[in-house]
file data.pdb (PDB, N, CA and C atoms, pLDDT in the B column)
ATOM      1  N   MET A   1     -24.703  23.151 -11.420  1.00 95.00           N
ATOM      2  CA  MET A   1     -25.289  21.852 -11.560  1.00 95.00           C
ATOM      3  C   MET A   1     -25.491  21.261 -10.166  1.00 95.00           C
ATOM      4  N   GLU A   2     -26.655  20.661  -9.954  1.00 96.00           N
ATOM      5  CA  GLU A   2     -26.972  20.053  -8.662  1.00 96.00           C
ATOM      6  C   GLU A   2     -27.505  18.644  -8.871  1.00 96.00           C
ATOM      7  N   LEU A   3     -27.247  17.805  -7.898  1.00 97.00           N
ATOM      8  CA  LEU A   3     -27.859  16.481  -7.915  1.00 97.00           C
ATOM      9  C   LEU A   3     -28.133  16.057  -6.487  1.00 97.00           C
ATOM     10  N   THR A   4     -29.068  15.129  -6.350  1.00 97.00           N
ATOM     11  CA  THR A   4     -29.411  14.595  -5.039  1.00 97.00           C
ATOM     12  C   THR A   4     -29.021  13.127  -5.002  1.00 97.00           C
ATOM     13  N   MET A   5     -28.243  12.779  -3.995  1.00 98.00           N
ATOM     14  CA  MET A   5     -27.832  11.392  -3.794  1.00 98.00           C
ATOM     15  C   MET A   5     -28.654  10.807  -2.659  1.00 98.00           C
ATOM     16  N   LYS A   6     -29.287   9.679  -2.887  1.00 98.00           N
ATOM     17  CA  LYS A   6     -29.990   8.954  -1.821  1.00 98.00           C
ATOM     18  C   LYS A   6     -28.963   8.089  -1.104  1.00 98.00           C
ATOM     19  N   ILE A   7     -28.874   8.261   0.212  1.00 98.00           N
ATOM     20  CA  ILE A   7     -27.843   7.577   0.998  1.00 98.00           C
ATOM     21  C   ILE A   7     -28.488   6.889   2.195  1.00 98.00           C
ATOM     22  N   GLU A   8     -28.195   5.596   2.358  1.00 98.00           N
ATOM     23  CA  GLU A   8     -28.682   4.846   3.514  1.00 98.00           C
ATOM     24  C   GLU A   8     -27.569   4.717   4.543  1.00 98.00           C
ATOM     25  N   GLY A   9     -27.945   4.793   5.824  1.00 97.00           N
ATOM     26  CA  GLY A   9     -26.986   4.535   6.885  1.00 97.00           C
ATOM     27  C   GLY A   9     -26.590   5.742   7.712  1.00 97.00           C
ATOM     28  N   MET A  10     -26.924   6.951   7.258  1.00 97.00           N
ATOM     29  CA  MET A  10     -26.608   8.129   8.070  1.00 97.00           C
ATOM     30  C   MET A  10     -27.613   8.194   9.218  1.00 97.00           C
ATOM     31  N   MET A  11     -27.098   8.313  10.444  1.00 97.00           N
ATOM     32  CA  MET A  11     -27.966   8.280  11.618  1.00 97.00           C
ATOM     33  C   MET A  11     -27.959   9.566  12.439  1.00 97.00           C
ATOM     34  N   CYS A  12     -26.971  10.447  12.207  1.00 97.00           N
ATOM     35  CA  CYS A  12     -26.818  11.585  13.110  1.00 97.00           C
ATOM     36  C   CYS A  12     -26.044  12.714  12.421  1.00 97.00           C
ATOM     37  N   PRO A  13     -25.930  13.862  13.064  1.00 97.00           N
ATOM     38  CA  PRO A  13     -25.153  14.968  12.491  1.00 97.00           C
ATOM     39  C   PRO A  13     -23.682  14.611  12.239  1.00 97.00           C
ATOM     40  N   HIS A  14     -23.116  13.720  13.041  1.00 97.00           N
ATOM     41  CA  HIS A  14     -21.730  13.299  12.810  1.00 97.00           C
ATOM     42  C   HIS A  14     -21.624  12.578  11.461  1.00 97.00           C
ATOM     43  N   CYS A  15     -22.612  11.744  11.162  1.00 97.00           N
ATOM     44  CA  CYS A  15     -22.649  11.056   9.855  1.00 97.00           C
ATOM     45  C   CYS A  15     -22.708  12.080   8.726  1.00 97.00           C
ATOM     46  N   GLU A  16     -23.557  13.081   8.895  1.00 98.00           N
ATOM     47  CA  GLU A  16     -23.672  14.139   7.884  1.00 98.00           C
ATOM     48  C   GLU A  16     -22.326  14.825   7.668  1.00 98.00           C
ATOM     49  N   ALA A  17     -21.626  15.127   8.747  1.00 98.00           N
ATOM     50  CA  ALA A  17     -20.335  15.812   8.644  1.00 98.00           C
ATOM     51  C   ALA A  17     -19.316  14.959   7.903  1.00 98.00           C
ATOM     52  N   SER A  18     -19.327  13.656   8.149  1.00 98.00           N
ATOM     53  CA  SER A  18     -18.397  12.758   7.463  1.00 98.00           C
ATOM     54  C   SER A  18     -18.670  12.720   5.963  1.00 98.00           C
ATOM     55  N   VAL A  19     -19.943  12.624   5.602  1.00 98.00           N
ATOM     56  CA  VAL A  19     -20.323  12.585   4.184  1.00 98.00           C
ATOM     57  C   VAL A  19     -19.992  13.919   3.520  1.00 98.00           C
ATOM     58  N   LYS A  20     -20.283  15.013   4.204  1.00 98.00           N
ATOM     59  CA  LYS A  20     -19.978  16.347   3.670  1.00 98.00           C
ATOM     60  C   LYS A  20     -18.483  16.483   3.379  1.00 98.00           C
ATOM     61  N   LYS A  21     -17.659  16.087   4.333  1.00 98.00           N
ATOM     62  CA  LYS A  21     -16.208  16.197   4.175  1.00 98.00           C
ATOM     63  C   LYS A  21     -15.711  15.343   3.004  1.00 98.00           C
ATOM     64  N   ALA A  22     -16.213  14.127   2.897  1.00 98.00           N
ATOM     65  CA  ALA A  22     -15.782  13.222   1.822  1.00 98.00           C
ATOM     66  C   ALA A  22     -16.176  13.767   0.452  1.00 98.00           C
ATOM     67  N   LEU A  23     -17.394  14.253   0.329  1.00 98.00           N
ATOM     68  CA  LEU A  23     -17.847  14.776  -0.964  1.00 98.00           C
ATOM     69  C   LEU A  23     -17.128  16.074  -1.329  1.00 98.00           C
ATOM     70  N   GLU A  24     -16.945  16.951  -0.352  1.00 98.00           N
ATOM     71  CA  GLU A  24     -16.307  18.235  -0.643  1.00 98.00           C
ATOM     72  C   GLU A  24     -14.806  18.104  -0.897  1.00 98.00           C
ATOM     73  N   ALA A  25     -14.239  16.932  -0.652  1.00 98.00           N
ATOM     74  CA  ALA A  25     -12.842  16.683  -0.997  1.00 98.00           C
ATOM     75  C   ALA A  25     -12.669  16.457  -2.505  1.00 98.00           C
ATOM     76  N   ILE A  26     -13.777  16.213  -3.196  1.00 98.00           N
ATOM     77  CA  ILE A  26     -13.742  16.028  -4.654  1.00 98.00           C
ATOM     78  C   ILE A  26     -13.654  17.415  -5.288  1.00 98.00           C
ATOM     79  N   PRO A  27     -12.680  17.643  -6.166  1.00 98.00           N
ATOM     80  CA  PRO A  27     -12.432  18.995  -6.698  1.00 98.00           C
ATOM     81  C   PRO A  27     -13.629  19.684  -7.361  1.00 98.00           C
ATOM     82  N   THR A  28     -14.523  18.938  -7.989  1.00 98.00           N
ATOM     83  CA  THR A  28     -15.654  19.568  -8.684  1.00 98.00           C
ATOM     84  C   THR A  28     -16.854  19.814  -7.782  1.00 98.00           C
ATOM     85  N   VAL A  29     -16.784  19.379  -6.525  1.00 98.00           N
ATOM     86  CA  VAL A  29     -17.894  19.594  -5.592  1.00 98.00           C
ATOM     87  C   VAL A  29     -17.720  20.955  -4.924  1.00 98.00           C
ATOM     88  N   ILE A  30     -18.682  21.836  -5.162  1.00 98.00           N
ATOM     89  CA  ILE A  30     -18.679  23.170  -4.543  1.00 98.00           C
ATOM     90  C   ILE A  30     -19.186  23.068  -3.104  1.00 98.00           C
ATOM     91  N   GLU A  31     -20.282  22.325  -2.945  1.00 98.00           N
ATOM     92  CA  GLU A  31     -20.896  22.191  -1.621  1.00 98.00           C
ATOM     93  C   GLU A  31     -21.695  20.898  -1.574  1.00 98.00           C
ATOM     94  N   ALA A  32     -21.675  20.255  -0.425  1.00 98.00           N
ATOM     95  CA  ALA A  32     -22.500  19.080  -0.179  1.00 98.00           C
ATOM     96  C   ALA A  32     -23.312  19.335   1.087  1.00 98.00           C
ATOM     97  N   VAL A  33     -24.617  19.070   1.008  1.00 98.00           N
ATOM     98  CA  VAL A  33     -25.496  19.286   2.157  1.00 98.00           C
ATOM     99  C   VAL A  33     -26.241  17.981   2.456  1.00 98.00           C
ATOM    100  N   PRO A  34     -25.632  17.123   3.293  1.00 98.00           N
ATOM    101  CA  PRO A  34     -26.279  15.864   3.650  1.00 98.00           C
ATOM    102  C   PRO A  34     -27.351  16.063   4.722  1.00 98.00           C
ATOM    103  N   SER A  35     -28.352  15.178   4.709  1.00 98.00           N
ATOM    104  CA  SER A  35     -29.385  15.176   5.742  1.00 98.00           C
ATOM    105  C   SER A  35     -29.666  13.737   6.147  1.00 98.00           C
ATOM    106  N   HIS A  36     -29.349  13.402   7.402  1.00 97.00           N
ATOM    107  CA  HIS A  36     -29.635  12.043   7.856  1.00 97.00           C
ATOM    108  C   HIS A  36     -31.140  11.833   7.997  1.00 97.00           C
ATOM    109  N   GLU A  37     -31.882  12.904   8.257  1.00 97.00           N
ATOM    110  CA  GLU A  37     -33.331  12.794   8.412  1.00 97.00           C
ATOM    111  C   GLU A  37     -34.014  12.446   7.093  1.00 97.00           C
ATOM    112  N   ARG A  38     -33.516  13.003   5.990  1.00 97.00           N
ATOM    113  CA  ARG A  38     -34.098  12.721   4.668  1.00 97.00           C
ATOM    114  C   ARG A  38     -33.380  11.573   3.962  1.00 97.00           C
ATOM    115  N   GLY A  39     -32.220  11.177   4.472  1.00 98.00           N
ATOM    116  CA  GLY A  39     -31.468  10.094   3.845  1.00 98.00           C
ATOM    117  C   GLY A  39     -30.933  10.471   2.479  1.00 98.00           C
ATOM    118  N   GLU A  40     -30.442  11.701   2.380  1.00 98.00           N
ATOM    119  CA  GLU A  40     -29.928  12.167   1.096  1.00 98.00           C
ATOM    120  C   GLU A  40     -28.882  13.253   1.287  1.00 98.00           C
ATOM    121  N   ALA A  41     -28.213  13.563   0.176  1.00 98.00           N
ATOM    122  CA  ALA A  41     -27.273  14.679   0.160  1.00 98.00           C
ATOM    123  C   ALA A  41     -27.496  15.468  -1.121  1.00 98.00           C
ATOM    124  N   LEU A  42     -27.645  16.776  -0.976  1.00 98.00           N
ATOM    125  CA  LEU A  42     -27.727  17.676  -2.118  1.00 98.00           C
ATOM    126  C   LEU A  42     -26.299  18.091  -2.442  1.00 98.00           C
ATOM    127  N   VAL A  43     -25.883  17.860  -3.677  1.00 98.00           N
ATOM    128  CA  VAL A  43     -24.506  18.120  -4.076  1.00 98.00           C
ATOM    129  C   VAL A  43     -24.483  19.161  -5.185  1.00 98.00           C
ATOM    130  N   LYS A  44     -23.754  20.256  -4.966  1.00 98.00           N
ATOM    131  CA  LYS A  44     -23.588  21.304  -5.981  1.00 98.00           C
ATOM    132  C   LYS A  44     -22.221  21.116  -6.632  1.00 98.00           C
ATOM    133  N   LEU A  45     -22.229  21.063  -7.959  1.00 98.00           N
ATOM    134  CA  LEU A  45     -21.009  20.778  -8.719  1.00 98.00           C
ATOM    135  C   LEU A  45     -20.629  21.944  -9.618  1.00 98.00           C
ATOM    136  N   SER A  46     -19.327  22.138  -9.791  1.00 98.00           N
ATOM    137  CA  SER A  46     -18.831  23.185 -10.696  1.00 98.00           C
ATOM    138  C   SER A  46     -18.678  22.658 -12.116  1.00 98.00           C
ATOM    139  N   ALA A  47     -18.644  21.338 -12.265  1.00 97.00           N
ATOM    140  CA  ALA A  47     -18.502  20.716 -13.583  1.00 97.00           C
ATOM    141  C   ALA A  47     -19.107  19.319 -13.524  1.00 97.00           C
ATOM    142  N   GLU A  48     -19.402  18.776 -14.689  1.00 95.00           N
ATOM    143  CA  GLU A  48     -19.943  17.427 -14.732  1.00 95.00           C
ATOM    144  C   GLU A  48     -18.962  16.464 -14.078  1.00 95.00           C
ATOM    145  N   THR A  49     -19.502  15.599 -13.226  1.00 96.00           N
ATOM    146  CA  THR A  49     -18.679  14.667 -12.464  1.00 96.00           C
ATOM    147  C   THR A  49     -19.285  13.277 -12.572  1.00 96.00           C
ATOM    148  N   ASP A  50     -18.450  12.289 -12.804  1.00 96.00           N
ATOM    149  CA  ASP A  50     -18.914  10.905 -12.887  1.00 96.00           C
ATOM    150  C   ASP A  50     -19.570  10.529 -11.557  1.00 96.00           C
ATOM    151  N   PHE A  51     -20.807  10.055 -11.617  1.00 97.00           N
ATOM    152  CA  PHE A  51     -21.534   9.696 -10.404  1.00 97.00           C
ATOM    153  C   PHE A  51     -20.781   8.652  -9.592  1.00 97.00           C
ATOM    154  N   ASP A  52     -20.058   7.765 -10.271  1.00 97.00           N
ATOM    155  CA  ASP A  52     -19.316   6.719  -9.560  1.00 97.00           C
ATOM    156  C   ASP A  52     -18.241   7.299  -8.645  1.00 97.00           C
ATOM    157  N   VAL A  53     -17.686   8.448  -9.009  1.00 98.00           N
ATOM    158  CA  VAL A  53     -16.682   9.107  -8.164  1.00 98.00           C
ATOM    159  C   VAL A  53     -17.340   9.573  -6.860  1.00 98.00           C
ATOM    160  N   LEU A  54     -18.515  10.172  -6.982  1.00 98.00           N
ATOM    161  CA  LEU A  54     -19.256  10.637  -5.808  1.00 98.00           C
ATOM    162  C   LEU A  54     -19.684   9.443  -4.950  1.00 98.00           C
ATOM    163  N   LYS A  55     -20.207   8.429  -5.616  1.00 98.00           N
ATOM    164  CA  LYS A  55     -20.681   7.231  -4.923  1.00 98.00           C
ATOM    165  C   LYS A  55     -19.543   6.570  -4.147  1.00 98.00           C
ATOM    166  N   LYS A  56     -18.383   6.441  -4.765  1.00 98.00           N
ATOM    167  CA  LYS A  56     -17.238   5.799  -4.116  1.00 98.00           C
ATOM    168  C   LYS A  56     -16.830   6.561  -2.857  1.00 98.00           C
ATOM    169  N   ALA A  57     -16.819   7.891  -2.925  1.00 98.00           N
ATOM    170  CA  ALA A  57     -16.426   8.709  -1.769  1.00 98.00           C
ATOM    171  C   ALA A  57     -17.341   8.440  -0.574  1.00 98.00           C
ATOM    172  N   VAL A  58     -18.630   8.273  -0.837  1.00 98.00           N
ATOM    173  CA  VAL A  58     -19.599   8.020   0.240  1.00 98.00           C
ATOM    174  C   VAL A  58     -19.504   6.572   0.715  1.00 98.00           C
ATOM    175  N   GLU A  59     -19.407   5.643  -0.217  1.00 98.00           N
ATOM    176  CA  GLU A  59     -19.405   4.230   0.163  1.00 98.00           C
ATOM    177  C   GLU A  59     -18.118   3.817   0.870  1.00 98.00           C
ATOM    178  N   GLU A  60     -17.034   4.571   0.685  1.00 98.00           N
ATOM    179  CA  GLU A  60     -15.804   4.300   1.451  1.00 98.00           C
ATOM    180  C   GLU A  60     -16.002   4.571   2.936  1.00 98.00           C
ATOM    181  N   LEU A  61     -17.050   5.307   3.271  1.00 98.00           N
ATOM    182  CA  LEU A  61     -17.387   5.579   4.681  1.00 98.00           C
ATOM    183  C   LEU A  61     -18.376   4.558   5.235  1.00 98.00           C
ATOM    184  N   ASP A  62     -18.671   3.535   4.442  1.00 97.00           N
ATOM    185  CA  ASP A  62     -19.613   2.465   4.825  1.00 97.00           C
ATOM    186  C   ASP A  62     -21.075   2.897   4.827  1.00 97.00           C
ATOM    187  N   TYR A  63     -21.408   3.894   4.037  1.00 98.00           N
ATOM    188  CA  TYR A  63     -22.814   4.232   3.789  1.00 98.00           C
ATOM    189  C   TYR A  63     -23.156   3.665   2.422  1.00 98.00           C
ATOM    190  N   LYS A  64     -24.434   3.465   2.166  1.00 98.00           N
ATOM    191  CA  LYS A  64     -24.858   2.877   0.903  1.00 98.00           C
ATOM    192  C   LYS A  64     -25.578   3.930   0.066  1.00 98.00           C
ATOM    193  N   VAL A  65     -25.073   4.147  -1.161  1.00 98.00           N
ATOM    194  CA  VAL A  65     -25.734   5.058  -2.093  1.00 98.00           C
ATOM    195  C   VAL A  65     -26.733   4.244  -2.887  1.00 98.00           C
ATOM    196  N   VAL A  66     -27.998   4.668  -2.832  1.00 95.00           N
ATOM    197  CA  VAL A  66     -29.068   3.904  -3.485  1.00 95.00           C
ATOM    198  C   VAL A  66     -29.678   4.657  -4.664  1.00 95.00           C
ATOM    199  N   GLY A  67     -29.166   5.838  -4.945  1.00 81.00           N
ATOM    200  CA  GLY A  67     -29.694   6.574  -6.089  1.00 81.00           C
ATOM    201  C   GLY A  67     -29.216   7.990  -6.110  1.00 81.00           C
TER     202      GLY A  67
END

call {"tool": "encode", "arguments": {"input": "data.pdb", "output": "structure tokens"}}
result
Amino acid sequence: MELTMKIEGMMCPHCEASVKKALEAIPTVIEAVPSHERGEALVKLSAETDFDVLKKAVEELDYKVVG
């Protein structure tokens, strides 16, 4: 299962690394591939995961999830 999260506020590769680490800390996330250039993260999941859990992990880093 894959989903794309629209994220505002990522400006550089360091931002991408922070978002990747936060998302991949969630047990059902297999891989997260953020892109500051596209303003999104592609998230691969091993099981259905509440979007709010993913959103909270990103927003705790002071980025804004917009979709």

call {"tool": "atom_distance", "arguments": {"input": "data.pdb", "atom1": "atom CA of A:Lys21", "atom2": "atom CA of A:Lys6"}}
result
16.7 Å

call {"tool": "residues_around", "arguments": {"input": "data.pdb", "residues": "stretch 32-39 of chain A", "least_positions_apart": "4", "cutoff": "7 Å", "atoms": "all atoms listed in the file", "output": "list of chain:residue names"}}
result
A:Met5, A:Lys6, A:Ile7, A:Glu8, A:Gly9, A:Met10, A:Met11, A:Cys12, A:Pro13, A:Cys15, A:Glu16, A:Ala17, A:Val19, A:Lys20, A:Leu23, A:Glu24, A:Val43, A:Lys44

call {"tool": "select_by_dssp", "arguments": {"input": "data.pdb", "residues": "stretch 8-57 of chain A", "states": "strand (DSSP E)", "output": "NGL selection string"}}
result
:A and (8 or 29-35 or 40-45)

call {"tool": "write_last_selection", "arguments": {"input": "data.pdb", "atoms": "N, CA and C atoms", "output": "PDB file, in the frame of the given file"}}
result
ATOM      1  N   GLU A   8     -28.195   5.596   2.358  1.00 98.00           N
ATOM      2  CA  GLU A   8     -28.682   4.846   3.514  1.00 98.00           C
ATOM      3  C   GLU A   8     -27.569   4.717   4.543  1.00 98.00           C
ATOM      4  N   VAL A  29     -16.784  19.379  -6.525  1.00 98.00           N
ATOM      5  CA  VAL A  29     -17.894  19.594  -5.592  1.00 98.00           C
ATOM      6  C   VAL A  29     -17.720  20.955  -4.924  1.00 98.00           C
ATOM      7  N   ILE A  30     -18.682  21.836  -5.162  1.00 98.00           N
ATOM      8  CA  ILE A  30     -18.679  23.170  -4.543  1.00 98.00           C
ATOM      9  C   ILE A  30     -19.186  23.068  -3.104  1.00 98.00           C
ATOM     10  N   GLU A  31     -20.282  22.325  -2.945  1.00 98.00           N
ATOM     11  CA  GLU A  31     -20.896  22.191  -1.621  1.00 98.00           C
ATOM     12  C   GLU A  31     -21.695  20.898  -1.574  1.00 98.00           C
ATOM     13  N   ALA A  32     -21.675  20.255  -0.425  1.00 98.00           N
ATOM     14  CA  ALA A  32     -22.500  19.080  -0.179  1.00 98.00           C
ATOM     15  C   ALA A  32     -23.312  19.335   1.087  1.00 98.00           C
ATOM     16  N   VAL A  33     -24.617  19.070   1.008  1.00 98.00           N
ATOM     17  CA  VAL A  33     -25.496  19.286   2.157  1.00 98.00           C
ATOM     18  C   VAL A  33     -26.241  17.981   2.456  1.00 98.00           C
ATOM     19  N   PRO A  34     -25.632  17.123   3.293  1.00 98.00           N
ATOM     20  CA  PRO A  34     -26.279  15.864   3.650  1.00 98.00           C
ATOM     21  C   PRO A  34     -27.351  16.063   4.722  1.00 98.00           C
ATOM     22  N   SER A  35     -28.352  15.178   4.709  1.00 98.00           N
ATOM     23  CA  SER A  35     -29.385  15.176   5.742  1.00 98.00           C
ATOM     24  C   SER A  35     -29.666  13.737   6.147  1.00 98.00           C
ATOM     25  N   GLU A  40     -30.442  11.701   2.380  1.00 98.00           N
ATOM     26  CA  GLU A  40     -29.928  12.167   1.096  1.00 98.00           C
ATOM     27  C   GLU A  40     -28.882  13.253   1.287  1.00 98.00           C
ATOM     28  N   ALA A  41     -28.213  13.563   0.176  1.00 98.00           N
ATOM     29  CA  ALA A  41     -27.273  14.679   0.160  1.00 98.00           C
ATOM     30  C   ALA A  41     -27.496  15.468  -1.121  1.00 98.00           C
ATOM     31  N   LEU A  42     -27.645  16.776  -0.976  1.00 98.00           N
ATOM     32  CA  LEU A  42     -27.727  17.676  -2.118  1.00 98.00           C
ATOM     33  C   LEU A  42     -26.299  18.091  -2.442  1.00 98.00           C
ATOM     34  N   VAL A  43     -25.883  17.860  -3.677  1.00 98.00           N
ATOM     35  CA  VAL A  43     -24.506  18.120  -4.076  1.00 98.00           C
ATOM     36  C   VAL A  43     -24.483  19.161  -5.185  1.00 98.00           C
ATOM     37  N   LYS A  44     -23.754  20.256  -4.966  1.00 98.00           N
ATOM     38  CA  LYS A  44     -23.588  21.304  -5.981  1.00 98.00           C
ATOM     39  C   LYS A  44     -22.221  21.116  -6.632  1.00 98.00           C
ATOM     40  N   LEU A  45     -22.229  21.063  -7.959  1.00 98.00           N
ATOM     41  CA  LEU A  45     -21.009  20.778  -8.719  1.00 98.00           C
ATOM     42  C   LEU A  45     -20.629  21.944  -9.618  1.00 98.00           C
TER      43      LEU A  45
END

call {"tool": "residues_near_point", "arguments": {"input": "data.pdb", "point": "(-17.5, 8.2, 7.6)", "cutoff": "6 Å", "atoms": "all atoms listed in the file", "output": "list in words"}}
result
Ser18, Val19, Leu61 and Asp62 of chain A

call {"tool": "write_last_selection", "arguments": {"input": "data.pdb", "atoms": "N, CA and C atoms", "output": "short mmCIF file (atom, residue, chain, number, x, y, z; two decimals), in the frame of the given file"}}
result
data_model
loop_
_atom_site.label_atom_id
_atom_site.label_comp_id
_atom_site.auth_asym_id
_atom_site.auth_seq_id
_atom_site.Cartn_x
_atom_site.Cartn_y
_atom_site.Cartn_z
N SER A 18 -19.33 13.66 8.15
CA SER A 18 -18.40 12.76 7.46
C SER A 18 -18.67 12.72 5.96
N VAL A 19 -19.94 12.62 5.60
CA VAL A 19 -20.32 12.58 4.18
C VAL A 19 -19.99 13.92 3.52
N LEU A 61 -17.05 5.31 3.27
CA LEU A 61 -17.39 5.58 4.68
C LEU A 61 -18.38 4.56 5.24
N ASP A 62 -18.67 3.54 4.44
CA ASP A 62 -19.61 2.46 4.82
C ASP A 62 -21.08 2.90 4.83
#

call {"tool": "closest_residue", "arguments": {"input": "data.pdb", "among": "A:Gly67, A:Ile30, A:His14, A:Thr4", "to": "A:Leu45", "atoms": "only C-alpha atoms"}}
result
A:Ile30

call {"tool": "atom_distance", "arguments": {"input": "data.pdb", "atom1": "atom CA of A:Ile26", "atom2": "atom CA of A:Asp52"}}
result
11.9 Å

call {"tool": "axis_aligned_box", "arguments": {"input": "data.pdb", "around": "stretch 62-66 of chain A", "padding_each_side": "5 Å", "output": "JSON"}}
result
{"center_x": -24.2, "center_y": 3.8, "center_z": 0.1, "size_x": 21.0, "size_y": 12.6, "size_z": 19.5}

call {"tool": "atom_distance", "arguments": {"input": "data.pdb", "atom1": "atom C of A:Glu59", "atom2": "atom CA of A:Met1"}}
result
23.0 Å

call {"tool": "select_by_dssp", "arguments": {"input": "data.pdb", "residues": "chain A", "states": "helix (DSSP H, G or I)", "output": "JSON, numbers by chain"}}
result
{"A": [13, 14, 15, 16, 17, 18, 19, 20, 21, 22, 23, 24, 51, 52, 53, 54, 55, 56, 57, 58, 59]}

call {"tool": "decode", "arguments": {"input": "data.pdb", "residues": "stretch 40-59 of chain A", "atoms": "N, CA and C atoms", "output": "mmCIF file, in the first residue's frame"}}
result
data_model
loop_
_atom_site.group_PDB
_atom_site.id
_atom_site.type_symbol
_atom_site.label_atom_id
_atom_site.label_comp_id
_atom_site.auth_asym_id
_atom_site.auth_seq_id
_atom_site.Cartn_x
_atom_site.Cartn_y
_atom_site.Cartn_z
ATOM 1 N N GLU A 40 6.307 16.819 -1.125
ATOM 2 C CA GLU A 40 5.526 15.631 -0.794
ATOM 3 C C GLU A 40 6.421 14.512 -0.289
ATOM 4 N N ALA A 41 5.758 13.483 0.239
ATOM 5 C CA ALA A 41 6.463 12.271 0.643
ATOM 6 C C ALA A 41 5.655 11.073 0.170
ATOM 7 N N LEU A 42 6.327 10.152 -0.505
ATOM 8 C CA LEU A 42 5.721 8.888 -0.901
ATOM 9 C C LEU A 42 5.964 7.917 0.247
ATOM 10 N N VAL A 43 4.892 7.342 0.769
ATOM 11 C CA VAL A 43 4.988 6.475 1.936
ATOM 12 C C VAL A 43 4.500 5.079 1.577
ATOM 13 N N LYS A 44 5.348 4.073 1.788
ATOM 14 C CA LYS A 44 4.977 2.672 1.553
ATOM 15 C C LYS A 44 4.654 2.037 2.902
ATOM 16 N N LEU A 45 3.482 1.416 2.970
ATOM 17 C CA LEU A 45 2.988 0.854 4.229
ATOM 18 C C LEU A 45 2.819 -0.654 4.138
ATOM 19 N N SER A 46 3.063 -1.331 5.254
ATOM 20 C CA SER A 46 2.865 -2.786 5.315
ATOM 21 C C SER A 46 1.440 -3.130 5.726
ATOM 22 N N ALA A 47 0.731 -2.164 6.300
ATOM 23 C CA ALA A 47 -0.650 -2.377 6.735
ATOM 24 C C ALA A 47 -1.364 -1.031 6.750
ATOM 25 N N GLU A 48 -2.681 -1.084 6.749
ATOM 26 C CA GLU A 48 -3.446 0.151 6.805
ATOM 27 C C GLU A 48 -3.079 0.920 8.066
ATOM 28 N N THR A 49 -2.855 2.218 7.892
ATOM 29 C CA THR A 49 -2.417 3.069 8.992
ATOM 30 C C THR A 49 -3.273 4.326 9.010
ATOM 31 N N ASP A 50 -3.716 4.719 10.183
ATOM 32 C CA ASP A 50 -4.513 5.936 10.326
ATOM 33 C C ASP A 50 -3.686 7.123 9.828
ATOM 34 N N PHE A 51 -4.241 7.884 8.895
ATOM 35 C CA PHE A 51 -3.524 9.023 8.329
ATOM 36 C C PHE A 51 -3.110 10.011 9.409
ATOM 37 N N ASP A 52 -3.920 10.137 10.456
ATOM 38 C CA ASP A 52 -3.597 11.081 11.531
ATOM 39 C C ASP A 52 -2.295 10.719 12.239
ATOM 40 N N VAL A 53 -1.967 9.433 12.292
ATOM 41 C CA VAL A 53 -0.706 8.997 12.907
ATOM 42 C C VAL A 53 0.473 9.500 12.065
ATOM 43 N N LEU A 54 0.356 9.354 10.754
ATOM 44 C CA LEU A 54 1.403 9.820 9.842
ATOM 45 C C LEU A 54 1.510 11.346 9.904
ATOM 46 N N LYS A 55 0.361 11.995 9.865
ATOM 47 C CA LYS A 55 0.314 13.457 9.893
ATOM 48 C C LYS A 55 0.959 13.994 11.170
ATOM 49 N N LYS A 56 0.642 13.399 12.305
ATOM 50 C CA LYS A 56 1.188 13.854 13.586
ATOM 51 C C LYS A 56 2.710 13.742 13.598
ATOM 52 N N ALA A 57 3.246 12.643 13.069
ATOM 53 C CA ALA A 57 4.701 12.441 13.048
ATOM 54 C C ALA A 57 5.398 13.562 12.275
ATOM 55 N N VAL A 58 4.792 13.993 11.177
ATOM 56 C CA VAL A 58 5.381 15.059 10.353
ATOM 57 C C VAL A 58 5.169 16.421 11.011
ATOM 58 N N GLU A 59 3.973 16.662 11.515
ATOM 59 C CA GLU A 59 3.673 17.979 12.077
ATOM 60 C C GLU A 59 4.404 18.233 13.391
#
